[in-house]
Amino acid sequence: MATAFSSDGEAALRRELCATAAAAPRTDLDGFYEMGRAAAFVRDGGFRKVALQFPDELLADAVEVAGRMEAATGAQMYVLGDTTYGSCCVDEVAAEHVGAEAVLHYGPACLSPCRKLPVLHIFGQQPLDVGCCTETFRELYPEQQSSVVVLYDVVYAHAMGELEQRLRPEYPNIIFSRLVCGDPPGPAVPGEERKFGRQFLVEAAGGLQDYAMFYVGAEGLTLTSFMLTWNCCSFSSFNPVTGHGRRETLNVNRALMRRLYLVERARDAGVVGILVGTLGVAGYLTVLQHLRELLCRAGKRSYTLAVGKPNPAKLANFLEVDVFVLVACAQNSLLDSSDFYRPVVTPYELELACNPAREWTGNYLTDFRDLLPGACAHVELPPAVPAAEAVPDVSLITGKMRATHLCGPLTAQLPPSTALACRDQTRALAEISPAASFLESRSWRGLEQQLGQTPVSKAVQGRRGIAIAYEDEGCEQ
């Protein structure tokens with residue numbers, strides 16, 4: 001594995017940080033951060049406490065922006081520190097710690113709808129050479145009758161109006177997507193696409209498969225999610241940082257093969273860890289309950305884990321878990337788990353593994369809300385099948401027989417007994433705990449208090465420095 005579970009922390013402890021290294025000083029803060037629109041949002045809402053959330057690359061301007069916003073609105077501004085999860089998601093948890101009534105989210109955003117607090121997204125107007133982008137589009141699509149959907153990173157939304165004015169007279173079949181913050185009102189009309197906070201209407205008879213996709217932005221998770229979701233379309237892109245365009249040659253089929261391999265690993269898993277990767281996206285509690293029910297019906301044990309931002313060292317502490325499922329926003333759900341001790345899958349991949357009624361159709365879903373009841377891609381769990389009537393299945397990885405049928409609900413599986421009782425709404429049993437049984441078998445069980453057994457002694461001066469290099473280590477030698 002490329003990442004060690006226990007790494008040398010001396011470099012991190014001795015590292016010197018420069019507050020101005022994240023970004024160059026900006027001369028036009030009012031324009032870049034849209035101070036007028038933000039101040040109007042605070043005043044019109046009557047908010048007295050507002051949280052300001054910046055990504056790392058914009059933190060250099062946080063103090064200045066907060067000061068100007070307080071002077072313009074009279075409200076208290078709180079700059080959020082390290083985000084609980086990804087910086088693209090609104091950190092409602094950190095905002096509630098200071099009693100904030102609203103959140104101003106700056107920088108790139110996944111545009112996932114929030115549950116509690118009002119949110120205003122200010123993406124930051126990153127520079128875009130519209131002329132160069134126009135010429136690149138003409139080179140990539142010389143046929144003026146080409147059917148193209150234009151997608152873009154949110155930080156370039158301010159320049160899309162000018163780009164549309166230049167291209168629409170030449171390309172009558174071009175479609176520009178629109179940003180939608182939160183759930184759009186009303187049901188979708190036929191041919192309308194609503195994904196990743198983008199909305200556009202396809203009027204061609206053949207549907208979206210007759211269109212090509214042109215993306216304005218740098219290579220990253222956003223583009224990868226687009227390509228996996230709309231894998232029937234050819235993609236090209238323009239990178240505003242380098243000023244170059246290209247046809248995307250990422251082998252989507254190869255990426256899908258990797259994801260389908262993870263589905264097969266999930267089918268073989270007996271213990272699944274549900275990683276909570278968001279506490280602000282609407283519907284995350286519903287999908288957690290849905291995954292617990294799905295795993296229970298599939299005969300798998302599940303544990304819900306809240307570890308913040310997942311990394312190999314954190315997840316390596318749970319050796320009993322065979323596979324993890326990450327509940328996060330659509331932009332952060334595709335976690336590359338090649339360096340992890342156990343694979344990490346998405347809720348859609350877990351459904352492919354455990355729900356016999358869901359079949360692979362070629363469409364890939366990264367938004368877990370599409371799986372919930374009432375959503376466009378929801379599939380009901382089929383009735384329970386007795387083990388004697390289940391169709392046998394063989395693992396493509398281990399070559400062993402495995403069960404793929406669904407059992408009945410948890411309440412129907414428990415025999416009548418006075419020794420077992422439901423403790424809360426999560427149906428946790430008061431006297432049966434597989435996790436506790438596993439921990440009893442471990443050789444290391446943590447710190448034992450031994451109350452009353454340790455003699456009392458006077459306090460003495462301890463070592464000074466960091467654990468990897470104490471100041472008095474050389475003297476003892």
# chains A, B, ... in the order shown; residues from 1 in each chain; ligands from 1
$ residues_around --residues "Ala269 of chain A" --least-positions-apart "5" --cutoff "12 Å" --atoms "only C-alpha atoms" --output "list in words"
Leu262, Val263, Glu264, Leu295, Ala298, Gly299, Lys300, Arg301, Ser302, Glu320, Val321, Asp322, Val323, Phe324, Val325, Arg342, Pro343, Val344, Val345, Leu350, Ala353, Cys354, Ser395, Ile397, Thr398, Arg402, Ala403 and Thr404 of chain A
$ write_last_selection --atoms "C-alpha atoms" --output "PDB file, in the first residue's frame"
ATOM      1  CA  LEU A 262     -15.970  -2.728  -6.052  1.00  0.00           C
ATOM      2  CA  VAL A 263     -19.609  -3.812  -6.404  1.00  0.00           C
ATOM      3  CA  GLU A 264     -18.410  -7.421  -6.505  1.00  0.00           C
ATOM      4  CA  LEU A 295     -27.804  -4.473   4.709  1.00  0.00           C
ATOM      5  CA  ALA A 298     -29.119  -8.837   2.812  1.00  0.00           C
ATOM      6  CA  GLY A 299     -27.792 -10.652   5.891  1.00  0.00           C
ATOM      7  CA  LYS A 300     -24.830  -8.312   6.450  1.00  0.00           C
ATOM      8  CA  ARG A 301     -23.783  -6.613   9.671  1.00  0.00           C
ATOM      9  CA  SER A 302     -23.385  -2.834   9.538  1.00  0.00           C
ATOM     10  CA  GLU A 320     -13.475  -6.228  11.173  1.00  0.00           C
ATOM     11  CA  VAL A 321     -15.094  -4.207   8.350  1.00  0.00           C
ATOM     12  CA  ASP A 322     -14.903  -5.800   4.899  1.00  0.00           C
ATOM     13  CA  VAL A 323     -16.057  -2.798   2.863  1.00  0.00           C
ATOM     14  CA  PHE A 324     -17.090   0.796   3.562  1.00  0.00           C
ATOM     15  CA  VAL A 325     -19.915   2.786   1.967  1.00  0.00           C
ATOM     16  CA  ARG A 342     -10.603  -1.858   2.594  1.00  0.00           C
ATOM     17  CA  PRO A 343     -12.508  -0.636  -0.494  1.00  0.00           C
ATOM     18  CA  VAL A 344     -14.913   2.318  -0.269  1.00  0.00           C
ATOM     19  CA  VAL A 345     -18.072   2.216  -2.396  1.00  0.00           C
ATOM     20  CA  LEU A 350     -24.014  -0.949  -2.505  1.00  0.00           C
ATOM     21  CA  ALA A 353     -24.595  -5.388  -4.712  1.00  0.00           C
ATOM     22  CA  CYS A 354     -27.427  -6.006  -2.238  1.00  0.00           C
ATOM     23  CA  SER A 395     -18.345 -14.921  -6.278  1.00  0.00           C
ATOM     24  CA  ILE A 397     -13.409 -12.886  -6.883  1.00  0.00           C
ATOM     25  CA  THR A 398     -13.187 -15.783  -4.418  1.00  0.00           C
ATOM     26  CA  ARG A 402     -22.636 -16.826  -1.481  1.00  0.00           C
ATOM     27  CA  ALA A 403     -26.173 -15.786  -0.621  1.00  0.00           C
ATOM     28  CA  THR A 404     -27.729 -12.986  -2.668  1.00  0.00           C
TER      29      THR A 404
END
$ residues_around --residues "Ala188 of chain A" --least-positions-apart "5" --cutoff "10 Å" --atoms "only C-alpha atoms" --output "PyMOL selection string"
chain A and resi 193-194+199+201
$ write_last_selection --atoms "N, CA, C and O atoms" --output "compact mmCIF listing (two decimals), in the first residue's frame"
# COMPACT_ATOMS: atom_id res chain seq x y z
N GLU A 193 -32.93 17.79 -17.62
CA GLU A 193 -31.92 17.17 -16.77
C GLU A 193 -31.68 18.05 -15.56
O GLU A 193 -31.48 19.27 -15.67
N ARG A 194 -31.70 17.42 -14.37
CA ARG A 194 -31.41 18.12 -13.12
C ARG A 194 -30.43 17.28 -12.33
O ARG A 194 -30.80 16.34 -11.64
N GLN A 199 -29.05 22.44 -14.51
CA GLN A 199 -30.35 22.22 -15.11
C GLN A 199 -30.30 22.65 -16.57
O GLN A 199 -29.84 23.74 -16.90
N LEU A 201 -32.44 21.69 -20.65
CA LEU A 201 -33.53 21.02 -21.34
C LEU A 201 -33.05 20.52 -22.69
O LEU A 201 -32.51 21.29 -23.49
$ select_by_dssp --residues "segment 326-422 of chain A" --states "helix (DSSP H, G or I)" --output "MDAnalysis selection string"
chainID A and resid 347:354 368:371 387:389 410:413
$ write_last_selection --atoms "N, CA and C atoms" --output "mmCIF file, in the first residue's frame"
data_model
loop_
_atom_site.group_PDB
_atom_site.id
_atom_site.type_symbol
_atom_site.label_atom_id
_atom_site.label_comp_id
_atom_site.auth_asym_id
_atom_site.auth_seq_id
_atom_site.Cartn_x
_atom_site.Cartn_y
_atom_site.Cartn_z
ATOM 1 N N PRO A 347 -23.284 4.643 -2.195
ATOM 2 C CA PRO A 347 -24.587 4.019 -1.914
ATOM 3 C C PRO A 347 -25.192 3.337 -3.143
ATOM 4 N N TYR A 348 -24.998 3.902 -4.330
ATOM 5 C CA TYR A 348 -25.530 3.262 -5.533
ATOM 6 C C TYR A 348 -24.855 1.917 -5.781
ATOM 7 N N GLU A 349 -23.547 1.848 -5.576
ATOM 8 C CA GLU A 349 -22.834 0.587 -5.769
ATOM 9 C C GLU A 349 -23.255 -0.449 -4.736
ATOM 10 N N LEU A 350 -23.534 -0.005 -3.511
ATOM 11 C CA LEU A 350 -24.014 -0.949 -2.505
ATOM 12 C C LEU A 350 -25.395 -1.477 -2.873
ATOM 13 N N GLU A 351 -26.228 -0.630 -3.456
ATOM 14 C CA GLU A 351 -27.540 -1.098 -3.907
ATOM 15 C C GLU A 351 -27.402 -2.113 -5.036
ATOM 16 N N LEU A 352 -26.482 -1.880 -5.946
ATOM 17 C CA LEU A 352 -26.248 -2.867 -7.005
ATOM 18 C C LEU A 352 -25.817 -4.207 -6.411
ATOM 19 N N ALA A 353 -25.103 -4.159 -5.312
ATOM 20 C CA ALA A 353 -24.595 -5.388 -4.712
ATOM 21 C C ALA A 353 -25.643 -6.120 -3.894
ATOM 22 N N CYS A 354 -26.536 -5.387 -3.220
ATOM 23 C CA CYS A 354 -27.427 -6.006 -2.238
ATOM 24 C C CYS A 354 -28.892 -6.041 -2.645
ATOM 25 N N PHE A 368 -26.854 10.331 -3.835
ATOM 26 C CA PHE A 368 -27.590 9.309 -3.085
ATOM 27 C C PHE A 368 -29.072 9.636 -2.980
ATOM 28 N N ARG A 369 -29.460 10.880 -3.188
ATOM 29 C CA ARG A 369 -30.870 11.235 -3.098
ATOM 30 C C ARG A 369 -31.693 10.612 -4.227
ATOM 31 N N ASP A 370 -31.039 10.220 -5.316
ATOM 32 C CA ASP A 370 -31.759 9.554 -6.400
ATOM 33 C C ASP A 370 -32.239 8.159 -6.008
ATOM 34 N N LEU A 371 -31.694 7.608 -4.921
ATOM 35 C CA LEU A 371 -32.063 6.264 -4.485
ATOM 36 C C LEU A 371 -33.224 6.250 -3.497
ATOM 37 N N ALA A 387 -34.314 -19.318 2.189
ATOM 38 C CA ALA A 387 -32.968 -19.740 1.793
ATOM 39 C C ALA A 387 -32.996 -20.970 0.905
ATOM 40 N N ALA A 388 -33.973 -21.867 1.122
ATOM 41 C CA ALA A 388 -34.037 -23.089 0.311
ATOM 42 C C ALA A 388 -34.434 -22.813 -1.128
ATOM 43 N N GLU A 389 -35.141 -21.676 -1.362
ATOM 44 C CA GLU A 389 -35.593 -21.351 -2.709
ATOM 45 C C GLU A 389 -34.705 -20.318 -3.398
ATOM 46 N N LEU A 410 -36.005 -7.179 10.213
ATOM 47 C CA LEU A 410 -35.311 -7.599 11.437
ATOM 48 C C LEU A 410 -36.272 -8.116 12.488
ATOM 49 N N THR A 411 -37.443 -7.480 12.621
ATOM 50 C CA THR A 411 -38.399 -7.884 13.648
ATOM 51 C C THR A 411 -38.941 -9.277 13.388
ATOM 52 N N ALA A 412 -38.980 -9.677 12.089
ATOM 53 C CA ALA A 412 -39.510 -10.999 11.766
ATOM 54 C C ALA A 412 -38.468 -12.091 11.977
ATOM 55 N N GLN A 413 -37.187 -11.728 12.087
ATOM 56 C CA GLN A 413 -36.136 -12.726 12.227
ATOM 57 C C GLN A 413 -35.873 -13.081 13.688
#
$ closest_residue --among "A:Gln53, A:Ser177, A:Asn231, A:Ser112" --to "Gly283 of chain A" --atoms "only C-alpha atoms"
A:Ser112
